[in-house]
$ cat start07.tsv   # TSV, C-alpha atoms and all ligand atoms
chain	number	residue	atom	x	y	z
A	1	MET	CA	5.34	-3.59	-9.94
A	2	ARG	CA	8.90	-2.55	-10.70
A	3	LEU	CA	10.98	-4.82	-12.95
A	4	ASP	CA	14.76	-4.40	-13.29
A	5	TYR	CA	16.96	-6.34	-15.72
A	6	LEU	CA	20.73	-6.61	-15.30
A	7	SER	CA	22.48	-7.90	-18.42
A	8	ILE	CA	25.42	-7.29	-20.78
A	9	PHE	CA	22.74	-7.25	-23.53
A	10	PRO	CA	20.12	-4.82	-22.13
A	11	GLY	CA	18.75	-4.35	-25.64
A	12	TYR	CA	16.98	-7.71	-25.27
A	13	PHE	CA	14.46	-5.94	-23.09
A	14	ASP	CA	13.45	-3.26	-25.60
A	15	VAL	CA	10.66	-5.65	-26.63
A	16	LEU	CA	8.99	-5.10	-23.28
A	17	GLY	CA	7.69	-1.83	-24.69
A	18	ILE	CA	5.61	-3.77	-27.24
A	19	SER	CA	2.09	-5.28	-27.01
A	20	LEU	CA	0.28	-5.90	-23.76
A	21	LEU	CA	3.40	-5.40	-21.71
A	22	GLY	CA	3.83	-2.03	-23.38
A	23	LYS	CA	0.28	-1.11	-22.41
A	24	ALA	CA	0.88	-2.24	-18.84
A	25	ALA	CA	3.94	-0.04	-18.69
A	26	VAL	CA	1.98	2.88	-20.09
A	27	ASN	CA	-0.86	2.52	-17.61
A	28	GLY	CA	1.60	2.27	-14.77
A	29	LEU	CA	0.92	-1.35	-13.92
A	30	VAL	CA	4.59	-2.20	-14.40
A	31	ASP	CA	7.73	-0.04	-14.53
A	32	VAL	CA	10.56	-1.60	-16.55
A	33	TYR	CA	14.28	-0.69	-16.22
A	34	ALA	CA	17.08	-2.41	-18.18
A	35	HIS	CA	20.68	-1.93	-17.07
A	36	ASP	CA	24.00	-2.71	-18.79
A	37	LEU	CA	26.17	-4.62	-16.33
A	38	ARG	CA	29.27	-3.15	-18.01
A	39	ASP	CA	28.30	0.24	-16.57
A	40	TRP	CA	29.71	-1.11	-13.28
A	41	THR	CA	33.12	-2.06	-14.68
A	42	HIS	CA	36.16	0.23	-14.41
A	43	ASP	CA	38.71	-1.07	-16.91
A	44	ARG	CA	39.02	0.15	-20.48
A	45	HIS	CA	37.75	-3.17	-21.85
A	46	ARG	CA	34.73	-3.12	-19.50
A	47	THR	CA	35.58	-6.69	-18.44
A	48	VAL	CA	32.81	-8.78	-16.87
A	49	ASP	CA	34.32	-12.28	-17.10
A	50	ASP	CA	37.38	-14.27	-16.11
A	51	THR	CA	38.64	-17.87	-16.24
A	52	PRO	CA	37.05	-20.41	-13.86
A	53	CYS	CA	38.93	-21.14	-10.60
A	54	GLY	CA	39.83	-24.84	-10.62
A	55	GLY	CA	40.05	-24.86	-14.40
A	56	GLY	CA	37.44	-25.93	-16.95
A	57	ALA	CA	36.09	-24.65	-20.23
A	58	GLY	CA	34.64	-21.20	-20.86
A	59	MET	CA	34.53	-18.10	-18.73
A	60	VAL	CA	32.72	-17.11	-15.53
A	61	MET	CA	31.15	-13.71	-14.77
A	62	LYS	CA	33.15	-11.77	-12.17
A	63	PRO	CA	31.33	-10.90	-8.92
A	64	ASP	CA	32.52	-7.28	-8.65
A	65	PRO	CA	30.31	-5.65	-11.33
A	66	TRP	CA	27.24	-7.48	-9.98
A	67	GLY	CA	27.90	-6.29	-6.44
A	68	GLU	CA	28.31	-2.67	-7.49
A	69	ALA	CA	25.23	-2.85	-9.67
A	70	PHE	CA	23.22	-4.31	-6.78
A	71	ASP	CA	24.39	-1.49	-4.48
A	72	GLU	CA	23.19	1.16	-6.93
A	73	ILE	CA	20.04	-0.50	-8.27
A	74	ILE	CA	18.68	-2.22	-5.17
A	75	GLY	CA	20.63	-0.83	-2.22
A	76	THR	CA	22.97	-1.97	0.53
A	77	GLU	CA	20.37	-2.89	3.15
A	78	PRO	CA	18.65	-6.32	3.30
A	79	ASP	CA	15.06	-6.26	2.07
A	80	PRO	CA	13.22	-9.59	1.68
A	81	SER	CA	10.42	-7.82	-0.21
A	82	VAL	CA	12.79	-7.52	-3.18
A	83	HIS	CA	12.74	-10.69	-5.30
A	84	VAL	CA	15.92	-11.40	-7.29
A	85	VAL	CA	15.60	-13.93	-10.13
A	86	PHE	CA	18.64	-15.76	-11.53
A	87	PRO	CA	17.67	-17.82	-14.58
A	88	SER	CA	19.94	-20.89	-14.58
A	89	PRO	CA	20.06	-24.35	-16.20
A	90	SER	CA	20.66	-25.70	-12.69
A	91	GLY	CA	17.80	-23.78	-11.11
A	92	GLU	CA	14.54	-25.05	-9.68
A	93	PRO	CA	11.80	-25.56	-12.30
A	94	PHE	CA	9.97	-22.33	-13.12
A	95	THR	CA	6.28	-23.24	-12.91
A	96	GLN	CA	2.91	-21.51	-13.09
A	97	SER	CA	2.90	-21.69	-9.31
A	98	VAL	CA	6.15	-19.70	-9.11
A	99	ALA	CA	4.75	-17.25	-11.66
A	100	HIS	CA	1.65	-16.83	-9.52
A	101	ASP	CA	3.72	-16.21	-6.38
A	102	LEU	CA	5.83	-13.60	-8.17
A	103	SER	CA	2.78	-11.82	-9.64
A	104	SER	CA	1.95	-10.34	-6.24
A	105	VAL	CA	5.37	-8.96	-5.35
A	106	GLU	CA	6.22	-5.27	-5.71
A	107	ARG	CA	9.75	-5.56	-7.10
A	108	ILE	CA	11.62	-8.14	-9.18
A	109	VAL	CA	15.26	-7.86	-10.29
A	110	PHE	CA	16.30	-10.23	-13.09
A	111	CYS	CA	20.03	-11.11	-13.15
A	112	CYS	CA	20.85	-12.39	-16.62
A	113	GLY	CA	24.08	-14.31	-16.77
A	114	ARG	CA	26.16	-15.16	-19.84
A	115	TYR	CA	29.30	-17.24	-20.55
A	116	GLU	CA	29.20	-20.37	-18.34
A	117	GLY	CA	27.38	-18.53	-15.57
A	118	ILE	CA	27.87	-16.10	-12.67
A	119	ASP	CA	30.38	-16.45	-9.78
A	120	HIS	CA	28.34	-18.31	-7.17
A	121	ARG	CA	29.18	-15.76	-4.47
A	122	VAL	CA	26.89	-13.29	-6.28
A	123	ILE	CA	23.94	-15.61	-5.68
A	124	ASP	CA	25.02	-16.30	-2.10
A	125	TYR	CA	25.32	-12.55	-1.44
A	126	ALA	CA	21.90	-11.93	-2.99
A	127	ARG	CA	20.39	-14.65	-0.78
A	128	SER	CA	21.79	-12.85	2.28
A	129	MET	CA	20.03	-9.64	1.23
A	130	TRP	CA	16.84	-10.37	-0.72
A	131	THR	CA	14.49	-13.19	-1.69
A	132	VAL	CA	16.26	-15.17	-4.41
A	133	HIS	CA	14.80	-17.48	-7.06
A	134	GLU	CA	17.31	-19.56	-9.06
A	135	VAL	CA	15.05	-20.95	-11.77
A	136	SER	CA	15.27	-23.08	-14.89
A	137	LEU	CA	12.81	-22.81	-17.78
A	138	GLY	CA	13.36	-26.40	-18.79
A	139	ASP	CA	15.90	-29.10	-19.55
A	140	TYR	CA	17.72	-27.35	-22.36
A	141	VAL	CA	20.59	-24.86	-22.35
A	142	LEU	CA	20.26	-21.28	-23.60
A	143	ASN	CA	23.24	-18.97	-24.18
A	144	GLY	CA	22.26	-16.69	-21.34
A	145	GLY	CA	19.51	-15.64	-18.99
A	146	GLU	CA	17.87	-12.90	-21.10
A	147	VAL	CA	15.38	-15.05	-23.04
A	148	ALA	CA	14.46	-16.86	-19.83
A	149	ALA	CA	13.93	-13.51	-18.08
A	150	LEU	CA	11.58	-12.43	-20.88
A	151	ALA	CA	9.58	-15.65	-20.63
A	152	ILE	CA	9.35	-15.40	-16.86
A	153	THR	CA	8.31	-11.74	-17.18
A	154	GLU	CA	5.46	-12.60	-19.53
A	155	ALA	CA	4.26	-15.49	-17.35
A	156	VAL	CA	4.30	-13.26	-14.25
A	157	VAL	CA	2.97	-9.94	-15.55
A	158	ARG	CA	-0.04	-11.51	-17.27
A	159	LEU	CA	-1.18	-12.68	-13.82
A	160	VAL	CA	-0.96	-9.19	-12.28
A	161	PRO	CA	-4.51	-8.04	-11.44
A	162	GLY	CA	-5.67	-5.50	-14.02
A	163	PHE	CA	-3.22	-6.63	-16.69
A	164	MET	CA	-5.38	-9.05	-18.70
A	165	GLY	CA	-8.57	-7.62	-20.19
A	166	ASN	CA	-10.44	-10.87	-19.48
A	167	PRO	CA	-9.19	-12.47	-16.24
A	168	GLN	CA	-11.61	-15.38	-16.82
A	169	SER	CA	-9.34	-16.60	-19.65
A	170	LEU	CA	-6.57	-17.04	-17.08
A	171	ALA	CA	-8.72	-19.39	-15.03
A	172	GLU	CA	-9.33	-21.74	-17.99
A	173	GLU	CA	-5.84	-22.22	-19.40
A	174	SER	CA	-3.41	-25.08	-18.92
A	175	PHE	CA	-1.63	-25.25	-15.57
A	176	SER	CA	-4.08	-22.83	-13.95
A	177	ALA	CA	-5.53	-24.10	-10.69
A	178	GLY	CA	-8.98	-24.53	-12.20
A	179	GLN	CA	-7.74	-27.08	-14.71
A	180	ASP	CA	-6.85	-29.69	-12.09
A	181	GLY	CA	-3.29	-29.83	-13.48
A	182	LEU	CA	-4.55	-30.95	-16.90
A	183	LEU	CA	-3.56	-29.65	-20.32
A	184	GLU	CA	-6.00	-27.34	-22.08
A	185	TYR	CA	-8.46	-28.93	-24.53
A	186	PRO	CA	-8.23	-28.19	-28.31
A	187	LEU	CA	-9.73	-24.85	-29.38
A	188	PHE	CA	-11.81	-24.06	-32.47
A	189	THR	CA	-13.47	-21.00	-34.01
A	190	ARG	CA	-15.25	-20.14	-37.31
A	191	PRO	CA	-15.42	-21.19	-40.11
A	192	VAL	CA	-17.10	-24.45	-39.05
A	193	SER	CA	-15.56	-26.21	-42.09
A	194	TRP	CA	-12.03	-25.34	-43.22
A	195	ARG	CA	-10.05	-27.18	-45.89
A	196	GLY	CA	-12.18	-30.28	-45.35
A	197	LEU	CA	-11.67	-30.13	-41.58
A	198	ASP	CA	-14.74	-29.56	-39.40
A	199	VAL	CA	-15.25	-28.24	-35.89
A	200	PRO	CA	-16.32	-31.18	-33.62
A	201	GLU	CA	-20.13	-31.30	-33.80
A	202	VAL	CA	-20.56	-31.30	-30.03
A	203	LEU	CA	-19.08	-27.80	-29.87
A	204	MET	CA	-21.81	-26.55	-32.22
A	205	SER	CA	-24.59	-28.37	-30.34
A	206	GLY	CA	-25.26	-25.64	-27.81
A	207	HIS	CA	-25.49	-28.41	-25.20
A	208	HIS	CA	-23.30	-27.02	-22.43
A	209	GLY	CA	-23.17	-30.25	-20.45
A	210	ARG	CA	-21.97	-32.27	-23.42
A	211	ILE	CA	-19.49	-29.55	-24.37
A	212	ALA	CA	-18.06	-29.49	-20.84
A	213	LYS	CA	-17.72	-33.30	-20.88
A	214	TRP	CA	-16.06	-33.33	-24.30
A	215	ARG	CA	-13.57	-30.68	-23.16
A	216	ARG	CA	-12.76	-32.54	-19.94
A	217	ASP	CA	-12.31	-35.82	-21.80
A	218	GLU	CA	-10.01	-34.12	-24.30
A	219	SER	CA	-7.96	-32.55	-21.51
A	220	ILE	CA	-7.57	-35.93	-19.84
A	221	ARG	CA	-6.69	-37.65	-23.14
A	222	LEU	CA	-4.10	-35.03	-24.08
A	223	THR	CA	-2.55	-35.00	-20.62
A	224	ARG	CA	-2.23	-38.79	-20.53
A	225	GLU	CA	-0.71	-38.83	-24.03
A	226	ARG	CA	1.67	-35.89	-23.71
A	227	ARG	CA	2.32	-35.34	-20.04
A	228	PRO	CA	2.04	-38.60	-18.07
A	229	ASP	CA	4.18	-36.82	-15.48
A	230	LEU	CA	1.21	-34.57	-14.71
A	231	THR	CA	-1.21	-37.43	-14.19
A	232	ASP	CA	-0.53	-38.92	-10.76
A	233	SER	CA	-2.53	-42.01	-9.76
A	234	ASP	CA	-5.00	-39.88	-7.80
A	235	VAL	CA	-5.62	-37.63	-10.82
A	236	SER	CA	-6.06	-40.69	-13.05
A	237	ALA	CA	-8.54	-42.23	-10.62
A	238	ARG	CA	-10.41	-38.96	-10.40
A	239	HIS	CA	-10.69	-38.74	-14.14
B	301	LIG	N1	16.51	-23.17	-18.58
B	301	LIG	C1	17.72	-22.60	-18.95
B	301	LIG	C2	18.35	-21.49	-18.35
B	301	LIG	C3	19.52	-21.30	-19.05
B	301	LIG	C4	20.58	-20.32	-18.80
B	301	LIG	C5	20.38	-19.28	-17.88
B	301	LIG	C6	21.40	-18.40	-17.59
B	301	LIG	C7	22.64	-18.57	-18.20
B	301	LIG	C8	23.88	-17.90	-18.07
B	301	LIG	C9	24.77	-18.51	-18.96
B	301	LIG	N2	24.12	-19.52	-19.59
B	301	LIG	C10	24.72	-20.37	-20.60
B	301	LIG	C11	25.23	-21.65	-20.01
B	301	LIG	C12	25.84	-22.53	-20.84
B	301	LIG	C13	26.31	-23.72	-20.33
B	301	LIG	C14	26.17	-24.00	-19.00
B	301	LIG	C15	25.54	-23.08	-18.21
B	301	LIG	N3	25.07	-21.89	-18.72
B	301	LIG	C16	22.83	-19.59	-19.14
B	301	LIG	C17	21.79	-20.46	-19.45
B	301	LIG	N4	19.57	-22.23	-20.02
B	301	LIG	N5	18.45	-23.02	-19.94

$ encode --input "start07.tsv" --output "structure tokens"
Amino acid sequence: MRLDYLSIFPGYFDVLGISLLGKAAVNGLVDVYAHDLRDWTHDRHRTVDDTPCGGGAGMVMKPDPWGEAFDEIIGTEPDPSVHVVFPSPSGEPFTQSVAHDLSSVERIVFCCGRYEGIDHRVIDYARSMWTVHEVSLGDYVLNGGEVAALAITEAVVRLVPGFMGNPQSLAEESFSAGQDGLLEYPLFTRPVSWRGLDVPEVLMSGHHGRIAKWRRDESIRLTRERRPDLTDSDVSARH
């Protein structure tokens, strides 16, 4: 998997050389390339923004540098196998399902906007050439797309076959298909007693059936308490 990042702050992506992602890069599972959008400007101030047409606060990213960067980094021929991700507060929700879909593609290009956003024609052009995902991480506003791109990267790469040492752990976590859309149950490890707080006895019983029931009940309880949006009537009935 090749990952490209287009940003006026390419240094954000230096962290991708650390930890598991670093190992994945070393063993050739992922190839990471960060690019400075200003390398595709031609004025002495390396300008990437301008005032919004129609007025309004803030600045908008000019389309020209993006188009020239696309030509050099991706190419000038349409190729639906290339997935271009635009993090955006007005994007579709980024979910585990989207992460799963992206984990099997060969190439992802992250376009990290700043200011108030990117000239919309850049997204329209990208849609005419490649497979585009305009995605939001959640209902809050960041200062740019870089942090979102890092989060999306981690969610996607950890699902790439061969990346995680223990793929079974993927199957058991929140939002994975096996969890029926429920939140993960509380986790405990040794010591059994810590600062007057004990591990639930059932988890030390060795009774796998009771443990499985306790975990399911906890997942249902937590999901109902914290994420009623995840518990549709069918799920509630089933649980
Ligand atoms: N889930 C998300 C995604 C973002 C995001 C992604 C890309 C950009 C490019 C610029 N900004 C700042 C900005 C501020 C005000 C209105 C619009 N955008 C971004 C924010 N925030 N929250």

$ residues_near_ligand --input "start07.tsv" --ligand "ligand LIG 301 (chain B)" --cutoff "7 Å" --atoms "all atoms listed in the file" --output "MDAnalysis selection string"
chainID A and resid 87:89 112:118 136:145 148

$ residues_around --input "start07.tsv" --residues "Glu173 in chain A" --least-positions-apart "5" --cutoff "9 Å" --atoms "all atoms listed in the file" --output "list in words"
Gly178, Gln179, Leu183, Glu184 and Tyr185 of chain A

$ axis_aligned_box --input "start07.tsv" --around "range 69-78 of chain A" --padding-each-side "8 Å" --output "AutoDock Vina command-line options"
--center_x 21.9 --center_y -2.6 --center_z -3.2 --size_x 22.6 --size_y 23.5 --size_z 29.0

$ atom_distance --input "start07.tsv" --atom1 "CA of Ile152 in chain A" --atom2 "CA of Asp4 in chain A"
12.8 Å

$ residues_around --input "start07.tsv" --residues "Ile108 in chain A" --least-positions-apart "2" --cutoff "7 Å" --atoms "all atoms listed in the file" --output "PyMOL selection string"
chain A and resi 2-4+82-84+110

$ write_last_selection --input "start07.tsv" --atoms "C-alpha atoms" --output "short mmCIF file (atom, residue, chain, number, x, y, z; two decimals), keeping the file's coordinate frame"
data_model
loop_
_atom_site.label_atom_id
_atom_site.label_comp_id
_atom_site.auth_asym_id
_atom_site.auth_seq_id
_atom_site.Cartn_x
_atom_site.Cartn_y
_atom_site.Cartn_z
CA ARG A 2 8.90 -2.55 -10.70
CA LEU A 3 10.98 -4.82 -12.95
CA ASP A 4 14.76 -4.40 -13.29
CA VAL A 82 12.79 -7.52 -3.18
CA HIS A 83 12.74 -10.69 -5.30
CA VAL A 84 15.92 -11.40 -7.29
CA PHE A 110 16.30 -10.23 -13.09
#

$ atom_distance --input "start07.tsv" --atom1 "CA of Pro80 in chain A" --atom2 "CA of Tyr125 in chain A"
12.8 Å

$ closest_residue --input "start07.tsv" --among "A:Asp64, A:Asp180, A:Asp50, A:Glu201" --to "Ser219 in chain A" --atoms "only C-alpha atoms"
A:Asp180

$ residues_around --input "start07.tsv" --residues "Glu68 in chain A" --least-positions-apart "5" --cutoff "10 Å" --atoms "only C-alpha atoms" --output "list in words"
Leu37, Asp39, Trp40, Thr41, Pro63, Ile73, Ile74, Gly75 and Thr76 of chain A

$ residues_near_point --input "start07.tsv" --point "(7.4, -3.9, -22.0)" --cutoff "10 Å" --atoms "only C-alpha atoms" --output "VMD selection string"
chain A and resid 3 13 to 26 30 to 33 150 153 to 154 157

$ closest_residue --input "start07.tsv" --among "A:Ala149, A:Val156, A:Met1, A:Leu187" --to "Ser81 in chain A" --atoms "only C-alpha atoms"
A:Met1

$ atom_distance --input "start07.tsv" --atom1 "CA of Glu134 in chain A" --atom2 "CA of Phe86 in chain A"
4.7 Å

$ closest_residue --input "start07.tsv" --among "A:Val147, A:Met204, A:Ala99, A:Val192" --to "Pro10 in chain A" --atoms "only C-alpha atoms"
A:Val147

$ closest_residue --input "start07.tsv" --among "A:Ile211, A:Leu182, A:Val98, A:Ile220" --to "Ala155 in chain A" --atoms "all atoms listed in the file"
A:Val98
